[in-house]
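Below: structure-v4.cif (mmCIF, C-alpha atoms and all ligand atoms)
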```
data_coords
loop_
_atom_site.label_atom_id
_atom_site.label_comp_id
_atom_site.auth_asym_id
_atom_site.auth_seq_id
_atom_site.Cartn_x
_atom_site.Cartn_y
_atom_site.Cartn_z
CA MET A 1 7.07 70.18 130.34
CA GLU A 2 8.52 73.53 131.25
CA ARG A 3 6.98 74.81 134.49
CA ARG A 4 6.31 78.45 135.17
CA ILE A 5 7.51 79.85 138.48
CA LEU A 6 6.84 83.26 139.95
CA LEU A 7 9.49 84.67 142.27
CA VAL A 8 8.12 87.23 144.70
CA TYR A 9 10.86 89.35 146.21
CA THR A 10 9.88 91.05 149.47
CA GLY A 11 13.36 91.94 150.71
CA GLY A 12 15.82 90.54 153.22
CA THR A 13 19.49 89.66 153.02
CA ILE A 14 19.02 87.26 150.13
CA GLY A 15 18.52 90.02 147.58
CA MET A 16 21.43 92.15 148.60
CA VAL A 17 24.74 92.87 146.98
CA LYS A 18 27.69 94.85 148.18
CA ASP A 19 28.07 98.28 146.76
CA TYR A 20 31.65 98.32 145.52
CA GLY A 21 31.99 101.99 146.34
CA SER A 22 30.67 102.21 149.90
CA GLY A 23 30.90 98.54 150.87
CA ALA A 24 27.32 98.69 152.24
CA LEU A 25 24.70 96.06 151.52
CA LYS A 26 21.87 97.17 149.28
CA ALA A 27 18.92 95.50 147.57
CA PHE A 28 19.69 94.60 143.98
CA ASP A 29 17.44 94.99 141.00
CA PHE A 30 15.59 91.72 140.77
CA LYS A 31 15.07 92.07 137.08
CA LYS A 32 18.80 91.37 136.86
CA LEU A 33 18.43 88.10 138.76
CA LEU A 34 19.75 85.96 135.94
CA LYS A 35 22.89 88.06 135.80
CA HIS A 36 23.68 87.26 139.42
CA ILE A 37 22.64 83.63 139.24
CA PRO A 38 23.26 82.40 135.69
CA GLU A 39 22.69 78.86 137.02
CA LEU A 40 18.96 79.62 136.89
CA ASN A 41 19.19 79.34 133.10
CA GLN A 42 19.90 75.65 133.48
CA LEU A 43 16.64 74.95 135.30
CA ASP A 44 13.89 73.40 133.26
CA CYS A 45 11.40 76.16 134.07
CA SER A 46 10.66 79.72 133.13
CA ILE A 47 10.97 82.26 135.90
CA ASP A 48 9.27 85.61 136.22
CA THR A 49 9.86 87.98 139.08
CA VAL A 50 7.80 90.53 140.91
CA SER A 51 9.23 92.66 143.64
CA PHE A 52 7.90 94.84 146.44
CA ASP A 53 8.36 98.44 145.27
CA GLU A 54 10.49 98.99 148.31
CA PRO A 55 12.04 95.73 149.49
CA ILE A 56 12.03 95.52 153.28
CA ASP A 57 13.99 94.00 156.08
CA SER A 58 11.57 91.40 157.39
CA SER A 59 11.52 93.07 160.81
CA ASP A 60 9.27 95.63 159.09
CA MET A 61 6.81 92.99 157.87
CA THR A 62 3.15 93.63 158.72
CA PRO A 63 -0.13 91.72 158.39
CA ALA A 64 -1.07 94.12 155.57
CA GLN A 65 1.99 92.90 153.68
CA TRP A 66 1.08 89.27 154.32
CA VAL A 67 -2.20 90.05 152.59
CA LYS A 68 -0.27 91.76 149.78
CA ILE A 69 1.80 88.61 149.19
CA ALA A 70 -1.35 86.46 149.30
CA THR A 71 -2.96 88.77 146.76
CA ILE A 72 0.04 88.55 144.41
CA ILE A 73 -0.32 84.77 144.57
CA GLU A 74 -4.08 84.99 143.97
CA ASP A 75 -3.64 87.29 140.96
CA ASN A 76 -1.11 84.95 139.38
CA TYR A 77 -2.48 81.63 140.58
CA GLU A 78 -3.76 80.32 137.28
CA VAL A 79 -0.72 81.38 135.25
CA TYR A 80 2.04 79.87 137.38
CA ASP A 81 2.77 76.35 138.58
CA GLY A 82 4.51 77.42 141.73
CA PHE A 83 5.58 80.41 143.80
CA VAL A 84 8.83 81.20 145.58
CA VAL A 85 8.71 84.04 148.08
CA LEU A 86 12.07 85.59 148.90
CA HIS A 87 11.94 86.97 152.40
CA GLY A 88 14.21 88.01 155.25
CA SER A 89 14.75 85.16 157.65
CA ASP A 90 13.95 87.11 160.84
CA THR A 91 10.17 86.94 160.51
CA MET A 92 9.91 84.32 157.79
CA SER A 93 8.18 81.83 160.08
CA TYR A 94 5.48 84.39 160.89
CA THR A 95 4.87 85.11 157.20
CA ALA A 96 4.87 81.42 156.30
CA SER A 97 2.32 80.76 159.04
CA ALA A 98 0.15 83.70 158.03
CA LEU A 99 0.16 82.71 154.35
CA SER A 100 -0.87 79.19 155.25
CA PHE A 101 -4.04 80.56 156.85
CA LEU A 102 -4.73 83.22 154.23
CA LEU A 103 -4.46 80.72 151.35
CA GLU A 104 -7.24 78.22 151.97
CA ASN A 105 -7.37 75.14 149.71
CA LEU A 106 -3.95 75.88 148.31
CA GLY A 107 -3.24 73.44 145.52
CA LYS A 108 0.19 74.67 144.40
CA PRO A 109 3.54 75.15 146.12
CA VAL A 110 4.32 78.40 147.88
CA ILE A 111 7.92 78.18 149.07
CA LEU A 112 9.48 80.82 151.29
CA THR A 113 13.21 81.11 151.34
CA GLY A 114 15.98 83.56 152.12
CA SER A 115 19.56 83.39 153.24
CA GLN A 116 21.97 84.26 156.00
CA LEU A 117 24.49 85.77 153.57
CA PRO A 118 23.65 88.08 150.65
CA ILE A 119 23.41 86.60 147.19
CA GLY A 120 26.46 88.58 146.11
CA ASP A 121 28.67 87.14 148.86
CA LEU A 122 31.29 84.59 147.90
CA ARG A 123 30.20 82.14 150.62
CA THR A 124 26.51 82.79 150.19
CA ASP A 125 23.87 80.24 151.10
CA ALA A 126 21.43 82.14 148.89
CA LYS A 127 22.09 80.28 145.66
CA GLU A 128 21.39 76.81 146.96
CA ASN A 129 18.34 78.00 148.87
CA LEU A 130 16.95 79.78 145.83
CA ILE A 131 17.75 77.16 143.20
CA THR A 132 16.37 74.26 145.24
CA SER A 133 13.28 76.25 146.24
CA ILE A 134 12.56 76.81 142.56
CA GLN A 135 13.08 73.14 141.83
CA ILE A 136 10.69 72.19 144.62
CA ALA A 137 8.13 74.72 143.41
CA ALA A 138 8.33 73.11 139.97
CA LEU A 139 8.11 69.49 141.17
CA HIS A 140 5.22 67.52 139.73
CA LYS A 141 4.21 63.90 139.92
CA LYS A 142 1.65 62.52 137.45
CA GLY A 143 0.75 66.07 136.50
CA ILE A 144 -0.01 67.08 140.09
CA PRO A 145 2.17 69.48 142.12
CA VAL A 146 4.08 67.52 144.75
CA VAL A 147 3.81 70.28 147.38
CA ARG A 148 0.38 71.82 147.92
CA GLU A 149 1.10 73.94 150.92
CA VAL A 150 3.21 76.81 152.22
CA GLY A 151 6.72 75.51 152.80
CA LEU A 152 9.89 77.06 154.10
CA TYR A 153 13.13 75.94 152.49
CA PHE A 154 16.43 76.60 154.20
CA GLU A 155 19.76 74.77 154.28
CA TYR A 156 18.80 71.58 152.46
CA LYS A 157 15.40 71.09 154.07
CA LEU A 158 11.83 71.94 153.21
CA TYR A 159 9.65 72.37 156.28
CA ARG A 160 5.94 73.00 156.69
CA GLY A 161 6.06 76.77 157.02
CA ASN A 162 3.65 77.06 159.93
CA ARG A 163 5.69 74.56 161.97
CA THR A 164 8.96 76.49 161.81
CA THR A 165 10.82 78.82 164.14
CA LYS A 166 13.99 80.76 163.55
CA ILE A 167 16.44 79.28 166.02
CA ASN A 168 19.80 80.67 164.98
CA ALA A 169 20.95 84.10 163.87
CA GLU A 170 24.35 82.85 162.77
CA ASN A 171 24.25 79.32 161.39
CA PHE A 172 23.19 78.53 157.86
CA GLN A 173 20.74 76.14 159.50
CA ALA A 174 18.62 78.97 160.85
CA PHE A 175 15.26 77.20 161.21
CA ALA A 176 13.86 74.24 163.05
CA SER A 177 10.55 72.43 162.99
CA LEU A 178 10.65 70.59 166.27
CA ASN A 179 7.11 69.27 166.28
CA TYR A 180 6.83 68.12 162.69
CA PRO A 181 9.25 66.26 160.41
CA PHE A 182 10.74 67.97 157.37
CA LEU A 183 8.93 67.38 154.10
CA ILE A 184 11.79 67.24 151.62
CA GLU A 185 15.53 66.86 152.03
CA SER A 186 17.98 67.95 149.42
CA GLY A 187 21.08 65.80 149.05
CA VAL A 188 22.37 64.17 145.91
CA HIS A 189 18.65 63.68 145.22
CA LEU A 190 15.59 65.51 146.41
CA ASN A 191 14.05 63.10 148.89
CA VAL A 192 10.34 63.74 149.22
CA TYR A 193 8.55 62.42 152.32
CA GLU A 194 5.08 62.24 150.83
CA GLU A 195 3.50 60.88 153.97
CA TYR A 196 4.16 64.19 155.72
CA LEU A 197 2.84 66.49 152.99
CA LEU A 198 -0.69 67.85 153.10
CA PRO A 199 -2.92 65.70 150.88
CA TYR A 200 -4.06 66.77 147.44
CA LYS A 201 -7.55 68.24 147.51
CA LYS A 202 -9.10 67.67 144.10
CA ASN A 203 -11.61 70.22 142.83
CA LYS A 204 -11.12 72.57 145.74
CA LYS A 205 -10.95 76.18 144.72
CA LEU A 206 -8.38 78.50 146.23
CA ILE A 207 -9.93 80.93 148.70
CA VAL A 208 -7.77 83.92 149.58
CA HIS A 209 -8.61 85.56 152.89
CA LYS A 210 -7.68 89.18 153.23
CA LYS A 211 -8.53 90.17 156.76
CA MET A 212 -6.22 89.88 159.70
CA ASP A 213 -7.30 91.34 163.03
CA GLU A 214 -4.22 92.59 164.85
CA ASN A 215 -5.80 92.81 168.29
CA VAL A 216 -3.74 89.99 169.71
CA ALA A 217 -0.90 89.89 172.22
CA VAL A 218 1.74 87.48 173.42
CA LEU A 219 2.66 87.27 177.07
CA LYS A 220 5.60 85.12 178.06
CA LEU A 221 5.38 84.02 181.67
CA PHE A 222 8.46 84.27 183.85
CA PRO A 223 9.08 83.75 187.55
CA GLY A 224 8.50 87.12 189.19
CA ILE A 225 5.91 88.40 186.73
CA THR A 226 3.91 91.08 188.52
CA GLN A 227 0.20 91.48 188.84
CA SER A 228 0.41 94.96 187.38
CA LEU A 229 2.15 93.70 184.24
CA LEU A 230 -0.43 90.95 183.82
CA GLU A 231 -3.30 93.36 184.39
CA SER A 232 -1.94 95.91 181.93
CA VAL A 233 -1.64 93.29 179.20
CA LEU A 234 -5.06 91.78 179.90
CA HIS A 235 -6.66 95.20 179.76
CA SER A 236 -4.86 96.48 176.66
CA LYS A 237 -7.30 98.47 174.61
CA GLY A 238 -9.13 96.40 172.01
CA LEU A 239 -7.39 93.15 172.91
CA LYS A 240 -9.31 90.10 171.67
CA ALA A 241 -6.89 87.20 171.96
CA LEU A 242 -3.89 86.55 174.16
CA ILE A 243 -1.24 83.94 173.47
CA LEU A 244 0.00 82.93 176.90
CA GLU A 245 3.46 81.41 176.66
CA THR A 246 3.46 79.02 179.56
CA TYR A 247 6.09 76.73 181.06
CA GLY A 248 6.76 73.14 179.93
CA SER A 249 3.61 71.27 179.04
CA GLY A 250 1.37 74.29 179.55
CA ASN A 251 1.93 75.09 183.21
CA ALA A 252 1.53 78.40 184.98
CA SER A 253 1.62 79.89 188.43
CA THR A 254 -1.11 78.80 190.82
CA GLN A 255 -1.05 82.06 192.78
CA ALA A 256 -4.57 83.24 193.51
CA TRP A 257 -4.18 86.74 191.98
CA PHE A 258 -2.90 85.25 188.73
CA LEU A 259 -5.71 82.73 188.29
CA LYS A 260 -8.37 85.20 189.42
CA SER A 261 -7.34 87.86 186.88
CA LEU A 262 -7.21 85.32 184.10
CA LYS A 263 -10.58 83.79 184.96
CA LYS A 264 -12.24 87.19 185.11
CA ILE A 265 -10.95 88.30 181.70
CA ILE A 266 -11.91 84.99 180.06
CA ASN A 267 -15.43 85.39 181.41
CA GLU A 268 -15.46 88.85 179.91
CA GLY A 269 -14.72 87.36 176.49
CA LEU A 270 -10.94 87.46 175.96
CA HIS A 271 -9.61 84.39 174.13
CA VAL A 272 -6.60 83.09 176.07
CA ILE A 273 -4.49 80.52 174.24
CA ASN A 274 -2.03 78.30 176.05
CA VAL A 275 1.18 77.81 174.06
CA THR A 276 4.34 76.40 175.59
CA GLN A 277 7.45 78.53 175.66
CA CYS A 278 9.50 75.36 174.97
CA SER A 279 10.55 75.09 171.33
CA GLY A 280 9.39 71.48 171.11
CA GLY A 281 6.64 69.41 172.71
CA SER A 282 3.05 70.08 173.48
CA VAL A 283 0.69 71.67 175.97
CA MET A 284 -1.16 69.06 178.00
CA MET A 285 -3.52 70.89 180.28
CA GLY A 286 -4.44 68.90 183.33
CA GLN A 287 -1.28 66.82 183.37
CA TYR A 288 0.07 68.88 186.28
CA GLU A 289 -1.82 70.70 188.99
CA THR A 290 -0.26 73.89 187.63
CA SER A 291 -2.34 73.63 184.49
CA SER A 292 -5.56 72.13 185.86
CA ALA A 293 -6.98 75.53 186.78
CA LEU A 294 -6.27 76.86 183.27
CA LYS A 295 -8.14 73.93 181.81
CA SER A 296 -11.18 74.41 183.99
CA MET A 297 -11.42 78.10 183.18
CA GLN A 298 -11.62 77.23 179.45
CA VAL A 299 -8.19 78.42 178.39
CA ILE A 300 -7.71 77.38 174.75
CA ASN A 301 -5.32 74.48 174.23
CA GLY A 302 -2.60 75.51 171.76
CA LYS A 303 -1.26 71.91 171.83
CA ASP A 304 2.03 71.82 169.86
CA ILE A 305 1.52 74.99 167.81
CA THR A 306 4.39 77.48 167.51
CA THR A 307 3.93 80.98 168.87
CA GLU A 308 4.36 82.31 165.32
CA ALA A 309 1.53 80.16 164.03
CA ALA A 310 -0.66 80.88 167.07
CA ILE A 311 -0.39 84.63 166.47
CA SER A 312 -1.32 84.46 162.80
CA LYS A 313 -4.04 81.87 163.42
CA ALA A 314 -5.63 84.12 166.02
CA MET A 315 -5.42 87.15 163.69
CA TYR A 316 -6.88 85.12 160.83
CA MET A 317 -9.72 83.67 162.90
CA LEU A 318 -10.63 87.04 164.39
CA GLY A 319 -10.43 88.58 160.91
CA SER A 320 -12.70 85.88 159.49
CA GLY A 321 -15.32 86.57 162.13
CA VAL A 322 -15.27 83.16 163.84
CA SER A 323 -17.90 83.50 166.56
CA GLN A 324 -17.13 83.82 170.24
CA LYS A 325 -18.91 80.53 170.81
CA HIS A 326 -16.87 78.56 168.28
CA PHE A 327 -13.49 80.23 168.71
CA LYS A 328 -12.10 77.67 171.16
CA THR A 329 -13.18 74.65 169.11
CA VAL A 330 -11.90 76.10 165.84
CA PHE A 331 -8.58 77.18 167.36
CA GLU A 332 -8.07 73.70 168.81
CA THR A 333 -8.63 72.19 165.36
CA SER A 334 -5.74 71.87 162.91
CA LEU A 335 -6.68 74.04 159.92
CA ARG A 336 -3.50 73.84 157.82
CA GLY A 337 -1.46 71.17 159.55
CA GLU A 338 -0.18 73.68 162.09
CA MET A 339 -0.94 71.49 165.11
CA ARG A 340 -1.60 67.85 165.87
N1 LIG B 401 17.33 91.14 158.94
C1 LIG B 401 17.18 90.32 157.77
C2 LIG B 401 15.69 90.16 157.50
O1 LIG B 401 15.05 89.40 158.14
C3 LIG B 401 17.84 89.01 157.94
C4 LIG B 401 17.70 88.07 156.78
O2 LIG B 401 17.34 88.44 155.69
O3 LIG B 401 17.98 86.89 156.94
O4 LIG B 401 15.18 90.83 156.63
#
```
Turn this file's structure into structure tokens for me.
Ligand code: ASP
Amino acid sequence: MERRILLVYTGGTIGMVKDYGSGALKAFDFKKLLKHIPELNQLDCSIDTVSFDEPIDSSDMTPAQWVKIATIIEDNYEVYDGFVVLHGSDTMSYTASALSFLLENLGKPVILTGSQLPIGDLRTDAKENLITSIQIAALHKKGIPVVREVGLYFEYKLYRGNRTTKINAENFQAFASLNYPFLIESGVHLNVYEEYLLPYKKNKKLIVHKKMDENVAVLKLFPGITQSLLESVLHSKGLKALILETYGSGNASTQAWFLKSLKKIINEGLHVINVTQCSGGSVMMGQYETSSALKSMQVINGKDITTEAAISKAMYMLGSGVSQKHFKTVFETSLRGEMR
């Protein structure tokens, strides 16, 4: 059966071609996709495209645009079997994480991909990334989509989107998912690791959330951080949640001024989330003396979540109106497979 796939082009290197006159990279007209990648004709699926009116470099991505992508998926959900979102790699992990929260009860594949080299480049990685993403978005087993979550496909691997981080600005292997195994590997065959995929939820209706509250901040700790810097972040106007990037397994300074400021602001209602600044591994508050105080002052345990996912989870939870009382418990619960 021929599957229907919707390609959503948001921008990024993948959709660029060299202007033969000026030599500069520019976004190409996505309606002419088949002209650039005639290989797509060989796929056993029909492909439609929709594009942002003005494709963007992903450094310009905003929560409003995450909602726009989610809405495009919502509007086309019944018509298509799968979705491939073409996106710049720089903030792709943030968008993948955000979409995972915005699309509750997702029952179809939403695959984000992009490339390090433009699609018009001789050595481009765009073709493989795009073609395999489409194949994954079309994969079915016994009439059920194989992937029912937001994935990120890059350089032969499909990852859970909200587990990824961009780790390299140069290599074709630009992403890593250090705390969760990849879901599919593309070699001679597509090897699907079903045990790692989110389970199929029968009869669950897609719910698309549309509110993200941007009043969050990230503070990366470093030796020598000053009280005035900490205070200015903690007292930023309107701030509701702070992702504190701590050392190792969730450790922080034990200096009195540091702990006192933090304790005071938590008592005043700021949600402080402990996320490790290591790329892999987990926060374990209480393992060292340097995290015991954080634990006792009710800092939220970010466990093995990425900073990207923590930011969008906080925005999503604040936007959904999760109460002050339940915020810690809900944050510490895995909602879309983003933490253990
Ligand atoms: N700066 C580009 C972007 O993120 C890089 C890329 O597409 O990979 O939009």
Inset, instruction - Report as a ChimeraX atom specification which protein, DNA and RNA residues come within 10 Å of ligand LIG 401 (chain B), using only C-alpha atoms and all ligand atoms. - result: /A:10-16,55-61,86-92,113-118,126,166,169-170,172,174
Contact check, range 140-245 of chain A to range 280-302 of chain A, at most 9 Å, counting all atoms listed in the file, closest pairs as JSON lines:
```
{"residue": "A:Ser177", "atom": "CA", "partner": "A:Gly280", "partner_atom": "CA", "distance": 8.3}
{"residue": "A:Leu178", "atom": "CA", "partner": "A:Gly280", "partner_atom": "CA", "distance": 5.1}
{"residue": "A:Asn179", "atom": "CA", "partner": "A:Gly280", "partner_atom": "CA", "distance": 5.8}
{"residue": "A:Ile243", "atom": "CA", "partner": "A:Gly302", "partner_atom": "CA", "distance": 8.7}
```
Inset, instruction - Please tell me which residues are no farther than 9 Å from (15.4, 73.9, 139.4) in the file, counting only C-alpha atoms, and write them as a PyMOL selection string. - result: chain A and resi 40+42-45+130-139
Inset, instruction - Would you please work out which residue, of A:Ile119, A:Leu234, A:Val79, A:Leu270, is nearest to Phe30 in chain A when using all atoms listed in the file? - result: A:Ile119
Inset, instruction - Using all atoms listed in the file, determine which residues lie at most 8 Å from Ile305 in chain A, disregarding the query and same-chain residues fewer than 5 positions distant; provide the list as JSON, numbers by chain. - result: {"A": [163, 275, 282, 310, 338, 339]}
Inset, instruction - Provide the CA of Asp81 in chain A to CA of Pro199 in chain A distance in Å, to one decimal place. - result: 17.2 Å
Inset, instruction - In Å, rounded to a single decimal, give me how far CA of Lys18 in chain A is from CA of Asp53 in chain A. - result: 19.9 Å
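Restricting the calculation to all atoms listed in the file, the smallest distance between Lys220 in chain A and any of A:Met315, A:Ala176, A:Cys278, A:Leu190 is found for A:Cys278.
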